[in-house]
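A quick write-up on the structure given underneath.
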Amino acid sequence: MSNIEITVNGRRHAADVDARLLLVHFLRENLDLTGTHVGCDTSSCGACTVLMDGKSVKSCTVFAVQADGSSITTIEGIGNAAKLHPMQESFWASHGLQCGYCTPGMIMSAIDLLQRNANPTDDEIRKALAGNLCRCTGYENIVKAIRAAAAATATTAARPQAVKEEIRTPEVV
Amino acid sequence: MAFTAMVGARIRRREDPRLITGRATYVDDVKLVGLCYAAFVRSPYGHAKILRVDTAKAKAHPGVFAAYSGADAQAAGLKGSMPVAHKMGDALKAPPHYPQAVSEVRFVGEPVAVVVANDAYAARDAAELVEVTYEELPCAIDLRKAAAGPPYVHADLGTNVAFDILFTLGDAKSAFSSADVIVKQTLVNQRLAPTPIEPRSMVADWDPGMRSLTLHTSTQIPHLVRTQLSVVLGLEETRVRVIAPEVGGGFGAKLNVYAEEAIVAWLSMQLERPVKYTETRSECFQAMIHGRDQIQDLEIAARKDGTILGIRGKILANLGAYHQLLTPVIPQLTVLMAPGCYKIPNIDLQLQGVFTNMMATDAYRGAGRPEATYLIERLVDLVARELKMDPAEIRRKNFIKESEFPYTTATGLTYDSGRYESTMDTALQVADYKGLRAEQEAARKSGRYIGIGLSTYVEVCGMGPSAAMPAAGWDSATVRVEPTGSVTVLTGISPHGQGEETTFAQLVSDELGVPIDSVNVIHGDTDKVQYGVGTFGSRGTAIGGSALKLAIETIQAKAIKIAAHMWEVDPADVEYRNGQIVVKGVPSKTMSTAEAGFLAFMGDKLPPGLEPGLDATRRFEPPNFVYPFGTHVCVVEVDPKTGHVTVLKYFAVDDCGPQLNPMIVEGQIHGGIAQGMAQALYEEVVYDENGQILTGSLLDYAVPHADQLPHFELSSTQTPTTVNPLGMKGVGEAGTIGSTPAVVNAVVDALAPFGVKHIDMPLRPEKLWAAMQRNGGAK
C-alpha cells in the first residue's frame, strides 16, 4: 500500500492505496465521483477522461499512485446544474449527447482542446476527439457543440472557474 | 396561461443536466451496503468438453465469498434455461441454454465459473485461480460448412440448421424464365458488435426476509427481464423488481435477457448480499450479442426496360451457439423486407438459421432490415449497371407509386403510406445529383475516382402488432394529474438516450395545457411503472407515444365531465381547445387541466357517479407496423494509390412522419447513419477457424472515431402514418438501414472504371486496392 495525496476538484484527499489501483477506480470507488465512466479496457474509448494538472488524461491508464501530488479535475468539478461550464452548456444546447455515457469524457477532452486551440476548425475538432468514442451521435452534434463553445468562449473571454464538489463530500484526512 | 406549441419545437432535453454534470446514475454507479463483486471465468475455446473445474484455490483467496462452476450452480439450484421468444413451434430447434456451461462450452466467452469477492479486484484475482480442464472439440465456424454438415455445435441435434424456411411467393420460376436479364450476386453481410459505450452492468439485491429480488440492470426491457428472470429463477414475478436506471446505449444489444443477469441474481439469493457485475469491454465483445452475419446467394430478374420481375436465392443466417431472446426472429425480417420499396411480385427465398461456435446474433440497430435493404439496394444497382441505366431511374421505374397505397407486398406486409418517388426527387435536388454526375465525369478524366451512391429504403418498425410479434407488441402509459396540477407520466417504454423524458413532456404540455416543467416522465422501474414492453424496434414514440396519447384523451374526457358539471352545461358542449377546457362558442368560459385535477382530488364537486382522481392508464395495440422511408445519397472519393475511401458528402432525406422534436429526430438519424456507415467501411467481428474472436477489444474492432465520419446533411419529408393516433413512425433505426447501401453503392460506382461490380463489406482500403489492381490499377 502507498500513501498518496491528490487534490480532486479543489479538495485534498489522502489515502492508502494499492499500487495497482487505477486513478479512475480511485475517483469512482474511493471518492464516489461516478461521473467519470469506464467504457473499455484498452485505453480506447476516452469515457474516463479527466484533467490532471490541467491536461486531459485517460484515468484508466493512470495509476492512483502516479497521480500522487497532482491536481485532478473531473466532470463534477467544472460546473453543476445551477452553474454550468460553457462546454456543458454547449453540449446541452447543441444536443451533443444522447445516452450520456461518453459525455463526461468528451466534455473534458473538449475543454482540453480549447485550452490548446481556442478556435479550432471542424477537422481539428474531429482529430482532437480521436481518443473519445461516441456510439450515439455520429459526432455531428458534438463537433457542433465544441464549435459553439469555442465561439462563446471567444466572445466572453471568460475562463471557467473550478466549482467545488459539494454534494458528495468524501472523507478528508 | 398562454398556449405555447411544444410539439414540433427544438427544445433542449430535460434529461441532460444530470448527464452533463456527471450526476446521472448508471448501474455501475449503484452502491449498496454489503455490496460484493462477481467475476466470471469464461471459455477460452470455441468448442470443448469441460472435464474438471476446480474452484478450491479461488475459494481460499482472501475476500472471496463463493465460487461456482456451472455444475455446482446447477446442483445448488440454478436450473433454468435462458429464454428465446418465438412462435415457430417445432420448426425451431432450441437446445437448452444454461446460464453457465455445465459439461460443454460452445463459444469463446461462455461463462464457465463465477467468483464473488468483497471487491472487484479480489474477484478478478480469484477468478484467475479457478482451474478448468477442457478437451477441445472441433468448431463450426465457416457458415456454409456449418450449414452443410458436421462438426455440430449441439451434437445431439445431428445438424447445425436450427430452422429452414421456404418463402415462395408469386411465381419466380416463370418470372426468371421470361426475364431479359438475370444478375447473380452473393452478398456477405458481415457480423457486427453493437458496442454501446456502457458495457453490460448489473446489481442484484436479494431481500431474504421479503423473499424479493431487486435487479438493477442496463437493459432496454425492464419488464420483460422481470418476467423472464422470474421464470428462470423460479420466483413469483411480483417478488422481482427490475430497475433500468441510466442506460449508456443499447442499440438492440440490451434488448435481451442475459445469462449473467440470471447468475448474478441467483448469487445474491445464495449469498443474501447484493452482488454487482460489470463486464469488461473484452467480455462485452465475447458475450454481448452480435448482429447481422448473413450470406445471401441471390439472383434478380428484370426486363430490358428495368422492370424488376423477381428475386430468388438462399440466405444463410449465422445464429451463433445458442438462441438469445430474439435470435431466430431477426433473419426472418430480412426476407419480409427483401422487396424494399419496389413492386416485386415474385420472391423465392430459402432461409436457413445455422448454429456456429460463436456468440449469438440478435437484434442490432435495424435487426434484419439493414440486411434486407442492403440486399435489394445492391441488387437494384447491379441491374442498373447491367442495363446501363441510371440508378435513380431504375428505382423510379419500380417504386410503389403514391396512388397505390395501402400496398401489400409479395411477402405479405401492408405498407400504409409512402412517397418514395417525391422523396427521392427531393434528395436528388438537395444533393444536386446532376451536378454530382458532371463532377464525377470531370474527375475521372483527371484520374480521380468519385462515386455517387443511392439508397432508397423503406423499413418496418414500430414493433409491432402483437399477432405479428414473438411476444406482446403493445405498450402502455399512465398519466396522473396531481392535486397541484403537476402531471406525472409513467411510460412502459424504457428510453436510454432517445429523449422521451422531453418529447413525451412536450406532448403532454400541449395537450393538457400544462407547463413542460411540471411534467415528470418516469420509466425504467417495474415497481413504479405499469407493465410495458420496452424500447426497441423504433417503437418508443410510435407505440409508447400512442399509448400516451390515448391516456391523455381519457384524462381530457374526464376533465370535460368535471368542468361541465361545475358550469352546469352539457358535457357535449365542452371541449379541449389549445390545452384548455372550454365551452364551445363561449371562449371566455375556460378551465385548466390543473383546476379540473384539483376538483378531482377534492372530490366534493364531482358529477354523481364519477370517481375522484384524474388519472388514466391506457395501452396501445398497433393495428400494423409503420414504414418509414427515405433516400440517402453518398458521395465518396477512392484514392487509387491506397484504396482509402473519403466520404465527401452525405445527404439524407428521411420520412418518419410528424416530429415531436426535430432536434432529437436528427440526432437519431445522425447516430443511425454513423452506424450504417461503420458497417460499410470499418467494422467486422472476426473469428478464426478455432473460434477465437480476433476483434476482441476496441483496439481491433473498428468503431469509427470522429475524424472517420463526415458531416451529415439532413432533410425530411413528413408523411403521416394512418396506423396510430400520432401519425408518427419510428426513427431510431432508419439511418442505419438507409446508409449502408448508399455508401457501398457509392464506392462501387467510384470503382466502375476498374470494372468492379461488387466488393463485400467492410470496404477496407486493402480490398479496394486489390480490386483496382486486378483490373490494371490506377490509370
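All residue names refer to the C-alpha cells as shown: chains lettered A, B, ... in order, residues numbered from 1 in each chain, ligands numbered from 1 in order.
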
Review point. Which residues of chain B are close to chain A, meaning at most 8 Å apart when you count only C-alpha atoms, and how do they look as a PyMOL selection string?
Key: chain B and resi 12-13+16-25+29+195-199+246-249+280-282+496-499+663-664+667-668+670-675+697-699+703-707+709+711-712

Check your understanding: Would you give me, as a ChimeraX atom specification, the residues in chain A that DSSP reads as alpha helix (DSSP H)?
Key -> /A:23-25,86-93,103-116,122-128,140-156

Point to revise | Best match for closeness to B:Arg396 among B:Val383, B:Ala162, B:Cys341, B:Ala58, counting only C-alpha atoms | key: B:Cys341

**Study point:** Contact residues around B:His523 with only C-alpha atoms at 7 Å, ignoring same-chain residues under 4 positions, as a PyMOL selection string
**Key:** chain B and resi 490-494+529

Emit the selected residues as a tab-separated table (two decimals), in the first residue's frame, including C-alpha atoms.
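Final output, selection01.tsv:
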```
chain	number	residue	atom	x	y	z
B	490	LEU	CA	-45.38	6.62	-16.34
B	491	THR	CA	-44.30	5.14	-19.64
B	492	GLY	CA	-43.86	1.46	-20.39
B	493	ILE	CA	-41.07	2.11	-22.82
B	494	SER	CA	-37.54	2.34	-21.46
B	529	VAL	CA	-44.39	1.78	-13.88
```

Exercise for review: Point out the residue among B:Pro483, B:Pro345, B:Gly306, B:Gly727 with the least atom-to-atom distance to B:Leu614, counting only C-alpha atoms.
Suggested key: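 The closest residue to B:Leu614 is B:Pro483.
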
Point to revise | Contacts of A:Thr73 at 7 Å (only C-alpha atoms; same-chain gap of 6+ positions) as a ChimeraX atom specification | key: /A:8-9,50-52

Just write the chosen residues, C-alpha atoms, as a PDB file, in the first residue's frame.
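What ended up in result_34.pdb:
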```pdb
ATOM      1  CA  VAL A   8      -9.596  16.494  -6.723  1.00  0.00           C
ATOM      2  CA  ASN A   9     -11.859  19.328  -7.803  1.00  0.00           C
ATOM      3  CA  VAL A  50     -10.203  13.798 -16.650  1.00  0.00           C
ATOM      4  CA  LEU A  51      -7.828  16.735 -16.369  1.00  0.00           C
ATOM      5  CA  MET A  52      -4.583  16.061 -14.488  1.00  0.00           C
TER       6      MET A  52
END
```

Point to revise | Residue nearest B:Ile452 - candidates B:Pro222, B:Pro741, B:Gly149, B:Pro762, atoms counted: only C-alpha atoms | key: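 That would be B:Pro741, the residue with the smallest distance to B:Ile452.
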
Practice item. Skip B:His632 itself and residues of its chain fewer than 4 positions away, then list as a PyMOL selection string all residues within 12 Å of it, counting only C-alpha atoms. Key: chain B and resi 377+392+420+423-431+433+452-458+649-655+669+673+676-677+712-716+734-746

Just write the chosen residues, C-alpha atoms, as a short mmCIF file (atom, residue, chain, number, x, y, z; two decimals), in the first residue's frame.
```cif
data_model
loop_
_atom_site.label_atom_id
_atom_site.label_comp_id
_atom_site.auth_asym_id
_atom_site.auth_seq_id
_atom_site.Cartn_x
_atom_site.Cartn_y
_atom_site.Cartn_z
CA GLU B 377 -30.42 -1.79 -52.92
CA ALA B 392 -32.17 6.78 -59.89
CA TYR B 420 -40.90 7.16 -52.45
CA THR B 423 -38.74 11.89 -51.53
CA MET B 424 -36.06 10.59 -53.90
CA ASP B 425 -36.55 13.67 -56.06
CA THR B 426 -36.09 15.87 -53.01
CA ALA B 427 -32.85 14.06 -52.22
CA LEU B 428 -31.60 14.31 -55.81
CA GLN B 429 -32.32 18.01 -55.74
CA VAL B 430 -30.72 18.64 -52.35
CA ALA B 431 -27.64 16.70 -53.43
CA TYR B 433 -27.42 14.83 -58.43
CA ILE B 452 -22.22 8.50 -56.09
CA GLY B 453 -24.39 6.02 -54.24
CA LEU B 454 -28.14 6.00 -53.75
CA SER B 455 -30.22 4.12 -51.27
CA THR B 456 -33.98 4.40 -51.39
CA TYR B 457 -35.18 2.49 -48.39
CA VAL B 458 -38.35 1.57 -46.61
CA LYS B 649 -20.71 14.46 -48.94
CA TYR B 650 -23.63 12.71 -47.31
CA PHE B 651 -27.26 13.68 -47.83
CA ALA B 652 -30.20 12.02 -46.11
CA VAL B 653 -33.86 12.74 -46.66
CA ASP B 654 -35.91 10.73 -44.19
CA ASP B 655 -39.63 10.49 -43.61
CA ILE B 669 -30.57 9.90 -37.77
CA ILE B 673 -26.09 6.88 -40.33
CA GLY B 676 -24.60 2.12 -41.02
CA MET B 677 -21.54 3.81 -42.49
CA PHE B 712 -24.31 14.63 -42.46
CA GLU B 713 -26.66 16.92 -44.40
CA LEU B 714 -30.22 16.10 -43.33
CA SER B 715 -33.64 16.98 -44.72
CA SER B 716 -37.00 15.44 -44.12
CA ALA B 734 -33.85 4.34 -40.28
CA GLY B 735 -30.44 5.99 -40.54
CA THR B 736 -28.64 2.70 -40.11
CA ILE B 737 -30.90 0.89 -42.55
CA GLY B 738 -30.66 3.56 -45.22
CA SER B 739 -26.98 4.40 -45.08
CA THR B 740 -25.04 1.18 -45.56
CA PRO B 741 -26.06 0.52 -49.19
CA ALA B 742 -25.69 4.20 -50.10
CA VAL B 743 -22.03 4.07 -49.05
CA VAL B 744 -21.29 0.74 -50.73
CA ASN B 745 -23.10 1.77 -53.91
CA ALA B 746 -21.01 4.95 -53.95
#
```

Review point. What is the distance, in Å and to one decimal place, between atom CA of B:Arg144 and atom CA of B:Leu316?
Key: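 A separation of 7.6 Å between them.
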
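Those residues that approach B:Gly158 to within 12 Å, counting only C-alpha atoms, are Lys93, Pro95, Ala146, Ala147, Ala148, Gly149, Pro150, Pro151, Tyr152, Val153, His154, Ala155, Val161, Ala162 and Phe355 of chain B; same-chain residues fewer than 3 positions away are not listed.
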
Exercise for review: For B:Gln506, work out the shell of residues within 8 Å, counting only C-alpha atoms and skipping chain neighbours fewer than 4 positions away, then give it as a count of residues only.
Suggested key: 6
